[in-house]
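Report on the following structure.
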Amino acid sequence: MLCFSAFIAGSFALGSMISNNLSPLIVTVIRFAITTLFLGILIYFTQNLKRIYFISSWRYLLLGLCVTLYFVMMFEALKTSSAISLSVEFTMAPFISGLFGYLLLGQRLNLRIFIALIIGAIGAIWVIFSGDLNRFLEFRIGRGELLFFIGMSFYALHVPLVRKLNYNEPPIIFTFGIIVAALLISFIFSIGEILDANFTLITTYDFFIIVYLAIFASAATFLLIQYAALKLPSVKVMAHTYLTPSWVIVWYILMGKEGPSASDYIGIFFTIIALFLLLKEQTKI
């Protein structure tokens with residue numbers, strides 16, 4: 001999940017740099033197509049496909065719908081909102097996932113986990129606003145933030161659903177089924193835009209960003225989150241997203257942008273404390 005949060009941070013840092021000439025739906029279709037091809041090649045050389053893996057195919061369609069809605073709404077939100085604003089909202093994901101985990105799986109929060117969630121949220125928000133209370137108070141919910149909240153809720157729902165709907169398929173097979181379903185759903189929704197699209201507008205820069213999103217922010221993160229979702233309660237899985245703002249700072253440094261301020265380290269410290277509290281009971285589900 002540490003790797004997961006780093007890859008997710010990359011999608012925030014790089015996703016906002018994709019040309020506005022590209023529709024979020026088209027970006028999502030291309031992304032899932034590359035991911036499907038990548039995972040298909042891996043499966044061909046490493047797995048023996050069994051018919052039993054594809055029973056109850058509606059599971060993949062449901063999970064694929066959750067994934068598609070999240071990515072489409074994220075890219076649509078990035079057109080009118082900053083990555084910082086969306087990062088703030090993403091701190092709500094563990095609470096939402098915990099609620100779904102309770103409703104679907106009966107997973108309960110103990111006091112230690114609840115305190116860890118609060119500390120982690122404070123740390124993440126501190127990093128996002130550099131400890132400036134005035135900037136936090138100026139935060140406003142606009143159209144982009146509302147769209148992202150809806151998409152994020154579907155993403156949070158996806159985590160407990162993975163555990164509930166997995167029938168002991170290998171993670172890579174289960175991920176492949178979800179991504180194929182997501183590709184089909186996003187293609188159906190975007191077929192009109194695809195027919196009218198001018199694909200010459202996709203620059204080399206855009207293509208490399210989409211490849212990163214396909215391989216690392218899709219294939220890798222889905223494999224990681226499925227492994228974690230089968231080992232940990234949903235709330236603990238999503239709580240690792242509190243590290244996302246800290247990883248965004250790392251990404252910005254690598255991209256040659258401004259590094260963290262002294263205040264940022266306070267927020268990072270809070271998120272590390274929260275993570276230790278969560279890991280303390282990691283063997284208990």
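Naming scheme: A, B, ... for chains in displayed order of the structure tokens; residues 1 onward per chain; ligands 1 onward as shown.
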
request  = Mind checking which residues fall within 10 Å of range 181-196 of chain A, counting only C-alpha atoms, ignoring those fewer than 4 positions away in the same chain, and posting them as JSON, numbers by chain?
outcome  = {"A": [23, 24, 25, 26, 27, 28, 29, 30, 31, 32, 33, 34, 35, 36, 57, 58, 59, 60, 61, 62, 63, 64, 65, 66, 67, 68, 69, 71, 72, 175, 176, 177]}

With 12 Å as the cut-off and only C-alpha atoms counted, what is the closest atom pair between each nearby residue of range 46-104 of chain A and range 111-114 of chain A? Distances in Å to one decimal, ordered by chain and number, as a Markdown table.
| residue | atom | partner | partner_atom | distance |
| --- | --- | --- | --- | --- |
| A:Pro94 | CA | A:Phe114 | CA | 10.2 |
| A:Phe95 | CA | A:Phe114 | CA | 9.1 |
| A:Gly98 | CA | A:Phe114 | CA | 10.0 |

Who sits within 9 Å of range 41-52 of chain A, only C-alpha atoms, same chain under 2 positions skipped, as a VMD selection string = chain A and resid 36 to 39 54 to 55 169 to 170 172 to 173 176

Written selection (C-alpha atoms) as a PDB file, in the first residue's frame:
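As a result, part.pdb now contains:
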ATOM      1  CA  THR A  36      -5.545  -4.761 -20.705  1.00  0.00           C
ATOM      2  CA  LEU A  37      -2.789  -5.469 -23.239  1.00  0.00           C
ATOM      3  CA  PHE A  38      -0.085  -5.322 -20.556  1.00  0.00           C
ATOM      4  CA  LEU A  39      -1.912  -7.647 -18.146  1.00  0.00           C
ATOM      5  CA  PHE A  54     -14.899 -16.268 -15.068  1.00  0.00           C
ATOM      6  CA  ILE A  55     -18.053 -17.492 -13.344  1.00  0.00           C
ATOM      7  CA  GLU A 169      -8.992 -16.047  -8.170  1.00  0.00           C
ATOM      8  CA  PRO A 170      -5.311 -15.067  -8.535  1.00  0.00           C
ATOM      9  CA  ILE A 172      -3.742 -10.783 -11.675  1.00  0.00           C
ATOM     10  CA  ILE A 173      -6.732 -12.694 -13.109  1.00  0.00           C
ATOM     11  CA  PHE A 176      -7.654  -8.440 -15.625  1.00  0.00           C
TER      12      PHE A 176
END

Close residues, Lys164 in chain A itself excluded, 9 Å, only C-alpha atoms, min 3 positions apart in chain, as number ranges by chain = A: 104-105, 160-161, 167

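Among the candidates A:Phe4, A:Phe90, A:Tyr265, A:Tyr212, the one nearest to Leu146 in chain A when counting only C-alpha atoms is A:Phe90.
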
request  = Can you work out the spacing between CA of Lys231 in chain A and CA of Arg163 in chain A in Å, to one decimal?
outcome  =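 Result for CA of Lys231 in chain A versus CA of Arg163 in chain A: 9.0 Å, one decimal.
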
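Taking CA of Phe148 in chain A as the reference point, CA of Gly131 in chain A is found at 23.6 Å.
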
ask   = Counting only C-alpha atoms, what is within 10 Å of range 123-127 of chain A, bar same-chain residues fewer than 3 positions away, as number ranges by chain?
value = A: 84-85, 87-91, 117-120, 130-133, 136, 241-246, 248-249, 260-261, 263-274

Would you put the residues from that selection into a file with C-alpha atoms, as a short mmCIF file (atom, residue, chain, number, x, y, z; two decimals), in the first residue's frame?
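Contents of out_25.cif, freshly written:
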data_model
loop_
_atom_site.label_atom_id
_atom_site.label_comp_id
_atom_site.auth_asym_id
_atom_site.auth_seq_id
_atom_site.Cartn_x
_atom_site.Cartn_y
_atom_site.Cartn_z
CA ILE A 84 -4.43 20.15 -4.23
CA SER A 85 -8.20 20.51 -3.86
CA SER A 87 -6.06 15.71 -2.60
CA VAL A 88 -7.97 17.31 0.27
CA GLU A 89 -11.10 15.43 -0.68
CA PHE A 90 -9.16 12.19 -1.03
CA THR A 91 -8.52 12.28 2.74
CA LEU A 117 -7.64 8.12 10.77
CA ILE A 118 -8.09 11.52 12.42
CA ILE A 119 -4.31 12.01 12.87
CA GLY A 120 -3.69 10.90 9.29
CA SER A 130 1.38 23.97 4.27
CA GLY A 131 -0.03 24.52 7.75
CA ASP A 132 -1.78 27.73 6.65
CA LEU A 133 -5.17 27.91 8.40
CA PHE A 136 -7.77 25.90 4.57
CA THR A 241 -3.93 7.26 0.90
CA TYR A 242 -3.05 9.76 3.66
CA LEU A 243 0.50 9.47 2.38
CA THR A 244 -0.58 10.69 -1.06
CA PRO A 245 0.06 14.44 -0.42
CA SER A 246 3.55 13.60 0.87
CA VAL A 248 2.92 14.37 -4.42
CA ILE A 249 5.67 16.53 -2.89
CA PRO A 260 8.64 20.78 0.74
CA SER A 261 8.69 23.62 3.24
CA SER A 263 5.90 23.19 7.69
CA ASP A 264 5.31 20.26 5.33
CA TYR A 265 7.46 18.01 7.51
CA ILE A 266 5.04 18.50 10.40
CA GLY A 267 2.20 17.11 8.31
CA ILE A 268 4.37 14.24 7.06
CA PHE A 269 5.19 13.41 10.69
CA PHE A 270 1.46 13.20 11.51
CA THR A 271 0.82 10.80 8.61
CA ILE A 272 3.71 8.57 9.70
CA ILE A 273 2.36 8.43 13.28
CA ALA A 274 -1.08 7.49 11.90
#

task = Work out how far CA of Ile122 in chain A is from CA of Ala220 in chain A, in Å to one decimal.
result = 27.8 Å

Within 10 Å of Leu22 in chain A, counting only C-alpha atoms, which residues qualify if same-chain residues fewer than 3 places away don't, as a PDB file with C-alpha atoms, in the first residue's frame?
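Saved to out_38.pdb:
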ATOM      1  CA  ILE A  18      -2.561  15.999 -19.866  1.00  0.00           C
ATOM      2  CA  SER A  19      -3.752  18.275 -22.654  1.00  0.00           C
ATOM      3  CA  LEU A  25     -13.440   9.392 -21.457  1.00  0.00           C
ATOM      4  CA  ILE A  26     -11.015   8.962 -24.355  1.00  0.00           C
ATOM      5  CA  VAL A  27      -8.016   9.145 -22.000  1.00  0.00           C
ATOM      6  CA  PHE A  75      -9.977  13.757 -15.022  1.00  0.00           C
ATOM      7  CA  ALA A 197     -12.046  12.572 -31.905  1.00  0.00           C
ATOM      8  CA  ASN A 198      -8.909  13.894 -33.578  1.00  0.00           C
ATOM      9  CA  PHE A 199      -6.234  11.532 -32.256  1.00  0.00           C
ATOM     10  CA  LEU A 201      -3.973  15.969 -30.854  1.00  0.00           C
ATOM     11  CA  ILE A 202      -2.359  13.363 -28.600  1.00  0.00           C
ATOM     12  CA  ASP A 206       0.411  13.006 -23.391  1.00  0.00           C
TER      13      ASP A 206
END

For Leu230 in chain A, the nearest of the candidates A:Ala77, A:Leu14, A:Leu278, A:Leu165, counting only C-alpha atoms = A:Leu165

inquiry  = Can you pull out every residue from range 161-193 of chain A that DSSP, working from the backbone, puts in helix (DSSP H, G or I), and format the result as a PyMOL selection string?
reply    = chain A and resi 161-165+171-193

request  = Compare A:Ala13, A:Ser5, A:Phe154, A:His240 by their minimum atom-to-atom distance to Lys257 in chain A, counting only C-alpha atoms, and give me the closest one.
outcome  =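 For Lys257 in chain A, the nearest of the given residues is A:Ala13.
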